[in-house]
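Engineer: Handing you a structure now.
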Amino acid sequence: MKLARIITRALGLATVLLAASAFAQTITLGSWRTDDVAKVNNIIAAFNKTNPNIKVKFDPTNPPDYNATLRLQLESGNGPDLFYARSYATGEELYKAGFELDLSSLPAIKSNFTTGATSAWTTSDGKVFAMPLGAVSHGIYYNKDLFAKNGIAIPKTWEDLIAAADKLKKAGVTPFGNGIADNWDINEVVLMSAMPSTIGGADGRIAYETGKRPFNDANMVAAFQQMKDLAPYLPKGFEALTYNDMEALFALGKVAMVFDGSWTVPQFMDQAKGINWSIFSTPPLKGKAAVVEFHPDSAIAINPKSKNIDAAKTFLTWLSGPEGAKAIGDNLIGVFPMSKNAVKLTNEYANTFLAFNTGTGQDARFVWPKLMVGKPSGYDLLLNNTNDVLKGTVTPKQAADNVAAGLAQWYKPSK
Amino acid sequence: MSGKPFTRRSLSALPGYLLLGFWSLLVLIPLWVMVVNSFKVSLDIFRDPFGLPVTVSTAGYEALLAGGSFLTYFFNSLLITTVSIAGILVIASAAAYGLANWTSRASRYLLLVFLAGLMIPIRIASINLLGLVKDLGLMDSLWGLFPIYVAMGLPMGVFVLTEFIKAVPKEILNAARIDGAGSVKIFVQIVLPLTRPALATVAIFNLVNLWNDLWFPLIIIRSDDQRTLMLGVTRLFGQYQTDWNKVLAVLTTASIPIILLYLVLSKQFIQGLTAGAVKE
Amino acid sequence: MATSRKSLETERNLAWLVWILPALLVYLVFMAWPLLNSLRLSFYTGSGFQLDNFIGFDNYRRLFGGGEESNRFYGAFGNTFIFFAIHMLVQNSLGLAFALLLSRKDLKGRALFRTIIFIPATLAIIVTGFLWKLLLNPQWGPLNLILGQVGLGDWALPWLGEHNLALPVISLVSSWQWVGIPTMIFLAALNGISEDYFEAAQIDGATGWQVLGRIKLPLLLPIMSVVAILTFTGNFNAFDVVFAMAGPNGPPGYATDILGTYFYRTGIAGQHPVGIPDMGLGAAVSSVTFVVLLVGVLSMQYLGRDRDAEAQKKAAQK
């Protein structure tokens, strides 16, 4: 009977809470960035200084559940007013299904972005389905103290990097902290961080996509060979180490380097206080030009069924303007605003990342623009073969052949 | 062992204690790791995962209190779970009583129909269920979970209870019948008390499943004041995933209420057992 | 037997249907119909969760026709079977042993042990997954630290990263979590066995093993079939534990990919990072699983019924 009392009490509480909830006009912003709650709320606070009447509620879902939950909610008419849209095919799919408002005619899109900046969220017939929010970059975080102690300079070439790793290992230091358990980071922040330089940047990528180069050419083999080069220098048990493990290893000073994305800067600023660290750009193979991985990552779309489309547009317009760009730069450290209004960033690490772009080419992650939709996807082929190369079960040549054979099952080169 | 009268028919107790002791360690060590590390400073967990904290930090719990309306989430979970379990027990035990007594062939097939609910992943029906919830006007409401949860609990509930009611000795039922008891009276006064352990089993099984369900709150509920504990916890879990002491504080906080609920329910269960099942 | 049947029939048979109706109604509307309506999608294709492009058996052809999709499907099927078998073997045997021990009136600390055995089942899967990943971590996991300290450093493996170990390890963790359920069901059944049987046996001078083998186990047979069916259906639809400990792809190299994760990947979430669900294919996976389970359960019940009758005969003779 105690239970009955608890139930009645809970019922009472629930009604009180229901009655107390305010009925202010609010727009909801869905996202997969659960880590960013505090930072996005700061951005929203900045927005409310000039737009006090529009309340924005940031309501993220954990990444593994985001796509499915969003899709279900959109289909059942229960979607958020605004939501983070993935780049290229994934985002476009939602537009085709009628779940993203065509933003092509939104003045802010035309005035605040170059066509290059919006291209990752533009359909083949030129409709812009989301407003770019930020790009991310990849590089190598390193422990300055361990580098200094072992007399290592910042590597200029991949060969230097491997030589440095060898020297560290001989000195009893684990060179790299990356593992393969999570099945995405090895692909996105390690392999695809090295690939742009190895294959010759955007031009090289397009040569594959248009069929001018076979997917198992010497450059692809070279990229997998780079992974094989890394294998001896990964931590013991790397097969079962996750992305979070990797970050903890680095923050604890147990490894000298980790491949990671620019978005990790604020986390290391917070957790790696015990060590001196900085970042260098993933070096190219000797004789190749450096090309930096600079990836259009997130954008925001408007739900056409939203009852607050005007408020949503106001928010996006503000976000792409000078105040919004500043708020993004100040708060989402390691995410680079993509609007023309991008202001000077104040964070030294973020600026270090940005400086990599000076005098080099840039490109998105290799498989994103064309090779994602189809089975087996380019993403899975690169991922699985990287894992196998690292474990030593296939050679770099076999890995490249596997990629070519897998893509041949569905991919028709575009003109 | 002290139980002299039992020695002749009991097996030696030592291996049993060894097994139970070993298993207890296997259960308690992970829990110890969870609780003790939730009080450690962020990265200390990797320096000494077993030991007591060098510097005690309650930062994780403070962030938790500051970060969300946990009391609301907790009451929401308590409410929807208990009400759903009550619903399941009432209609599942009635159905089981019917199925156990109905001697027609159709009864066997009906039981199979119920069982079929355990054979298809419920996620596949998400879009249809969302449609139903929307038609009922329960979108973004805690109560949208209620019909789904009751339906989810029925297959296991009906199946297990039917088997247990079938096992009730026929002599007892017949004696009652001869005394002139109707089927309702037999159900309430004889069958339900006799199957109390099974009812408790069904209740606890559903408690675990419904309390920990994340999927349906995720797709049905958006408003903060309607959220369940798991929904709130998982969000914080994502938010703090590299802030280890916060993660563990979140996990510890999420685990304690349901362990307590289990203890409350299993007390009922023990009473059911000690009542001496067949001695009514 | 004959007399009891007769007295049961004194009530009109169909009246029993009234008892079943409320449950049946709720079940049909909120479970059976949504499920069947979704399985129907296995004959359709399109994007998202509401498909309208009829393609006949094409989705099934992709599952059974060889090639990439077949490899994944067959792989997941085999893994699911191993996953199920380990639960059957480890979780249910332990559950039976625990229940037999806990049903002994002379066992000290029964309530405490029972609670401890059941606690893991109350934990949310994110708790279990996180804790065991931590315990098994190759760098700082306590398990490998202990192995190192007792001189078994060579045995300290990256448990979840080894192709041959990951699936058994995850199955054992899952058994660890759920052993409380069969324990509780067996315990409930053991407590339903009349004391008279034991007293009679004791007078006959039966040993503990004899009581176990000749009375307890035969009487538990019907419940064993209940537990077996619940384990079978539960594990062929398992998803959470692999998702939490290994991820939706069933790494390493699909070694832990079971039907649940494969279904989730194809039918619900879509392949990371593209995330476009292929609901038709997902529905086909579920339909095949459904048929396998249905056939399995029917045969288990058929066997169970025979043993049921036999056991009752045996017990009655005692």
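Residues in the structure tokens are numbered from 1 in each chain, the chains being A, B, ... in the order shown, and ligands are numbered from 1 in the order shown.
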List every residue of chain A that has an atom at most 6 Å from any atom of chain C, and for each one report the closest atom pair and its distance in Å to one decimal, counting only C-alpha atoms, with rows sorted by chain and then by increasing residue number, as a Markdown table.

Structural biologist:
```
| residue | atom | partner | partner_atom | distance |
| --- | --- | --- | --- | --- |
| A:Asn67 | CA | C:Gly275 | CA | 5.8 |
| A:Ala68 | CA | C:Ala269 | CA | 4.7 |
| A:Thr90 | CA | C:Val274 | CA | 5.2 |
| A:Gly237 | CA | C:Pro158 | CA | 4.8 |
| A:Glu239 | CA | C:Gly161 | CA | 4.5 |
| A:Ala240 | CA | C:Gly161 | CA | 4.2 |
```

Engineer: For the residues selected in the previous step, produce a file with C-alpha atoms as a PDB file, in the first residue's frame.

Structural biologist:
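Result saved to out-v9.pdb:
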```pdb
ATOM      1  CA  ASN A  67      19.373   9.736 -37.520  1.00  0.00           C
ATOM      2  CA  ALA A  68      16.685   7.188 -36.708  1.00  0.00           C
ATOM      3  CA  THR A  90      22.433  11.920 -45.882  1.00  0.00           C
ATOM      4  CA  GLY A 237      45.503  -3.789 -27.055  1.00  0.00           C
ATOM      5  CA  GLU A 239      42.104  -3.607 -31.078  1.00  0.00           C
ATOM      6  CA  ALA A 240      39.845  -2.920 -28.087  1.00  0.00           C
TER       7      ALA A 240
END
```

Engineer: What are the residues of chain A lining chain B at 6 Å or less? Count only C-alpha atoms, and put the answer as a list in words.

Structural biologist: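 The answer, sorted by residue number, is Ala10, Thr34, Asp35, Asn62 and Thr69 of chain A.
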
Engineer: Keeping N, CA and C atoms, export the residues of the selection given above as a compact mmCIF listing (two decimals), in the first residue's frame.

Structural biologist:
```
# COMPACT_ATOMS: atom_id res chain seq x y z
N ALA A 10 3.15 10.90 -6.79
CA ALA A 10 3.79 11.17 -8.08
C ALA A 10 2.79 11.81 -9.04
N THR A 34 25.57 16.11 -28.32
CA THR A 34 25.23 16.14 -26.91
C THR A 34 26.30 16.85 -26.07
N ASP A 35 27.55 16.79 -26.55
CA ASP A 35 28.65 17.41 -25.78
C ASP A 35 28.52 18.93 -25.71
N ASN A 62 21.79 11.46 -28.54
CA ASN A 62 23.10 10.83 -28.71
C ASN A 62 23.31 10.39 -30.15
N THR A 69 15.95 8.53 -34.82
CA THR A 69 14.95 9.26 -34.04
C THR A 69 14.42 10.44 -34.81
```

Engineer: Need to verify the contact set: Tyr262 (chain B), 9 Å, only C-alpha atoms, exclusion of same-chain residues closer than 5 positions in sequence. Can you return it as a list in words?

Structural biologist: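 Listed by chain and then number, they are Ile204, Leu207, Val208, Pro257 and Lys267 of chain B; Thr115, Phe118, Ile119 and Thr122 of chain C.
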
Engineer: Would you save the residues from that selection as a tab-separated table (two decimals), in the first residue's frame, using N, CA and C atoms?

Structural biologist:
```tsv
chain	number	residue	atom	x	y	z
B	204	ILE	N	8.59	-7.97	-11.71
B	204	ILE	CA	10.00	-7.56	-11.65
B	204	ILE	C	10.62	-7.54	-13.05
B	207	LEU	N	9.40	-4.50	-14.61
B	207	LEU	CA	10.01	-3.35	-13.95
B	207	LEU	C	11.36	-3.04	-14.60
B	208	VAL	N	12.16	-4.10	-14.74
B	208	VAL	CA	13.49	-3.94	-15.31
B	208	VAL	C	13.42	-3.42	-16.74
B	257	PRO	N	17.72	3.90	-7.71
B	257	PRO	CA	16.27	3.81	-7.53
B	257	PRO	C	15.69	2.46	-7.94
B	267	LYS	N	10.29	-8.01	-1.71
B	267	LYS	CA	9.78	-8.26	-0.36
B	267	LYS	C	8.40	-8.91	-0.47
C	115	THR	N	19.22	-11.25	-3.77
C	115	THR	CA	19.30	-9.86	-4.21
C	115	THR	C	20.54	-9.62	-5.06
C	118	PHE	N	20.25	-10.91	-8.50
C	118	PHE	CA	19.31	-10.19	-9.38
C	118	PHE	C	19.76	-8.77	-9.71
C	119	ILE	N	20.61	-8.19	-8.89
C	119	ILE	CA	20.98	-6.78	-9.10
C	119	ILE	C	21.42	-6.46	-10.54
C	122	THR	N	18.83	-5.39	-12.94
C	122	THR	CA	18.18	-4.09	-12.80
C	122	THR	C	18.98	-2.97	-13.45
```

Engineer: Near Leu214 (chain B), within 10 Å and counting only C-alpha atoms, which residues show up once chain neighbours fewer than 5 positions away are dropped, as an NGL selection string?

Structural biologist: (:B and (209 or 219 or 228-234)) or (:C and (124-125))

Engineer: Generate the output file for the selected residues, N, CA and C atoms, as an mmCIF file, in the first residue's frame.

Structural biologist:
```cif
data_model
loop_
_atom_site.group_PDB
_atom_site.id
_atom_site.type_symbol
_atom_site.label_atom_id
_atom_site.label_comp_id
_atom_site.auth_asym_id
_atom_site.auth_seq_id
_atom_site.Cartn_x
_atom_site.Cartn_y
_atom_site.Cartn_z
ATOM 1 N N ASN B 209 12.548 -4.032 -17.523
ATOM 2 C CA ASN B 209 12.459 -3.647 -18.937
ATOM 3 C C ASN B 209 11.907 -2.244 -19.148
ATOM 4 N N ILE B 219 11.567 8.557 -28.847
ATOM 5 C CA ILE B 219 10.842 8.982 -30.035
ATOM 6 C C ILE B 219 9.501 9.640 -29.716
ATOM 7 N N THR B 228 11.552 10.620 -18.942
ATOM 8 C CA THR B 228 11.813 9.566 -17.974
ATOM 9 C C THR B 228 13.258 9.653 -17.512
ATOM 10 N N LEU B 229 13.564 8.929 -16.469
ATOM 11 C CA LEU B 229 14.908 8.968 -15.916
ATOM 12 C C LEU B 229 15.943 8.497 -16.936
ATOM 13 N N MET B 230 15.638 7.411 -17.644
ATOM 14 C CA MET B 230 16.604 6.889 -18.610
ATOM 15 C C MET B 230 16.889 7.898 -19.703
ATOM 16 N N LEU B 231 15.851 8.602 -20.135
ATOM 17 C CA LEU B 231 16.030 9.596 -21.188
ATOM 18 C C LEU B 231 16.955 10.711 -20.698
ATOM 19 N N GLY B 232 16.695 11.166 -19.467
ATOM 20 C CA GLY B 232 17.545 12.215 -18.901
ATOM 21 C C GLY B 232 18.969 11.734 -18.693
ATOM 22 N N VAL B 233 19.095 10.508 -18.182
ATOM 23 C CA VAL B 233 20.411 9.956 -17.898
ATOM 24 C C VAL B 233 21.233 9.776 -19.170
ATOM 25 N N THR B 234 20.603 9.243 -20.199
ATOM 26 C CA THR B 234 21.340 8.967 -21.416
ATOM 27 C C THR B 234 21.840 10.247 -22.058
ATOM 28 N N ALA C 124 20.703 -0.575 -16.067
ATOM 29 C CA ALA C 124 20.459 -0.171 -17.447
ATOM 30 C C ALA C 124 21.620 -0.645 -18.300
ATOM 31 N N ILE C 125 21.332 -0.885 -19.568
ATOM 32 C CA ILE C 125 22.361 -1.453 -20.427
ATOM 33 C C ILE C 125 23.542 -0.499 -20.597
#
```

Engineer: Would you mind listing, as a VMD selection string, all residues of chain B that have at least one atom within 6 Å of chain C, where only C-alpha atoms are what counts?

Structural biologist: chain B and resid 9 to 11 46 91 94 to 95 98 102 118 to 121 125 128 151 197 to 198 208 212 251 255 277

Engineer: Could you tell me how far CA of Asn341 (chain A) lies from CA of Leu101 (chain A), in Å and to one decimal?

Structural biologist: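 Value for the CA of Asn341 (chain A)-CA of Leu101 (chain A) distance: 23.4 Å.
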
Engineer: Pick out the residues sitting within 9 Å of Leu407 (chain A), and hand them over as a ChimeraX atom specification; count only C-alpha atoms, and ignore anything fewer than 5 positions along from it in its own chain.

Structural biologist: /A:215,371,374-378,381,402,412

Engineer: Grab the residues selected above and save them as a CSV table (one decimal), in the first residue's frame with C-alpha atoms.

Structural biologist:
```csv
chain,number,residue,atom,x,y,z
A,215,PHE,CA,40.3,2.7,-56.7
A,371,LEU,CA,31.0,7.1,-52.2
A,374,GLY,CA,25.5,2.1,-51.8
A,375,LYS,CA,26.4,-1.3,-50.4
A,376,PRO,CA,29.1,-1.9,-49.4
A,377,SER,CA,29.7,1.8,-48.9
A,378,GLY,CA,33.1,3.4,-49.5
A,381,LEU,CA,35.3,-0.6,-47.2
A,402,ASN,CA,39.1,-5.0,-51.8
A,412,LYS,CA,29.1,4.1,-61.5
```

Engineer: Neighbouring residues of Gly60 (chain B) were defined as those with any atom within 8 Å, considering only C-alpha atoms; residues of the same chain fewer than 6 positions away were excluded. Please report them as a list in words.

Structural biologist: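 Selected residues are Ser38, Phe39, Asn245, Lys246, Val247, Leu248, Ala249 and Val250 of chain B.
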
Engineer: Which residues are close to region 128-132 of chain A, i.e. within 6 Å by only C-alpha atoms, leaving aside same-chain residues fewer than 4 positions away? Reply as a list in words.

Structural biologist: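 So the residues in contact are Asp102, Leu103, Ser104, Trp121, Thr122, Ala299, Ile300 and Ala301 of chain A.
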
Engineer: Can you write just those residues out, N, CA and C atoms, as a PDB file, in the first residue's frame?

Structural biologist:
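Result file follows (part37.pdb):
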```
ATOM      1  N   ASP A 102      13.454  24.357 -48.356  1.00  0.00           N
ATOM      2  CA  ASP A 102      14.396  24.893 -49.343  1.00  0.00           C
ATOM      3  C   ASP A 102      14.825  26.295 -48.895  1.00  0.00           C
ATOM      4  N   LEU A 103      16.120  26.431 -48.622  1.00  0.00           N
ATOM      5  CA  LEU A 103      16.602  27.708 -48.102  1.00  0.00           C
ATOM      6  C   LEU A 103      17.284  28.555 -49.181  1.00  0.00           C
ATOM      7  N   SER A 104      17.204  28.092 -50.449  1.00  0.00           N
ATOM      8  CA  SER A 104      17.949  28.773 -51.513  1.00  0.00           C
ATOM      9  C   SER A 104      17.649  30.264 -51.568  1.00  0.00           C
ATOM     10  N   TRP A 121      25.735  21.068 -48.769  1.00  0.00           N
ATOM     11  CA  TRP A 121      24.304  20.985 -48.442  1.00  0.00           C
ATOM     12  C   TRP A 121      23.454  21.511 -49.599  1.00  0.00           C
ATOM     13  N   THR A 122      23.937  21.273 -50.809  1.00  0.00           N
ATOM     14  CA  THR A 122      23.233  21.709 -52.002  1.00  0.00           C
ATOM     15  C   THR A 122      22.913  20.484 -52.849  1.00  0.00           C
ATOM     16  N   ALA A 299      25.372  21.580 -40.394  1.00  0.00           N
ATOM     17  CA  ALA A 299      24.548  22.665 -40.892  1.00  0.00           C
ATOM     18  C   ALA A 299      23.198  22.544 -40.209  1.00  0.00           C
ATOM     19  N   ILE A 300      22.385  23.575 -40.330  1.00  0.00           N
ATOM     20  CA  ILE A 300      21.076  23.527 -39.685  1.00  0.00           C
ATOM     21  C   ILE A 300      19.978  23.655 -40.734  1.00  0.00           C
ATOM     22  N   ALA A 301      19.014  22.744 -40.673  1.00  0.00           N
ATOM     23  CA  ALA A 301      17.887  22.765 -41.607  1.00  0.00           C
ATOM     24  C   ALA A 301      16.622  23.177 -40.853  1.00  0.00           C
TER      25      ALA A 301
END
```

Engineer: Using DSSP secondary structure from the backbone, list all helix (DSSP H, G or I) positions within region 112-356 of chain A, as a VMD selection string.

Structural biologist: chain A and resid 112 115 to 121 144 to 149 158 to 170 185 to 199 201 to 209 218 to 233 238 to 240 243 to 251 262 to 271 309 to 320 322 to 331 348 to 355

Engineer: Can you list, as a count of residues only, every residue of region 142-188 of chain A that DSSP puts in strand (DSSP E)?

Structural biologist: 5

Engineer: Tell me, in Å to one decimal, how far CA of Leu115 (chain B) is from CA of Val158 (chain B).

Structural biologist: 8.3 Å

Engineer: Please measure the separation of CA of Met152 (chain B) and CA of Ile124 (chain B), giving the value in Å to one decimal.

Structural biologist: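 Interatomic distance here is 13.2 Å.
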
Engineer: I'd like a table as JSON lines: residues in region 36-121 of chain A with an atom no more than 12 Å from region 348-365 of chain A, each row giving the shortest atom pair and its distance in Å to one decimal, only C-alpha atoms counted, sorted by chain and rising residue number.

Structural biologist:
```
{"residue": "A:Ser87", "atom": "CA", "partner": "A:Ala364", "partner_atom": "CA", "distance": 10.3}
{"residue": "A:Tyr88", "atom": "CA", "partner": "A:Ala364", "partner_atom": "CA", "distance": 10.7}
{"residue": "A:Gly116", "atom": "CA", "partner": "A:Asp363", "partner_atom": "CA", "distance": 11.4}
{"residue": "A:Ala117", "atom": "CA", "partner": "A:Ala364", "partner_atom": "CA", "distance": 11.5}
{"residue": "A:Ser119", "atom": "CA", "partner": "A:Ala364", "partner_atom": "CA", "distance": 11.2}
{"residue": "A:Ala120", "atom": "CA", "partner": "A:Ala364", "partner_atom": "CA", "distance": 9.3}
```
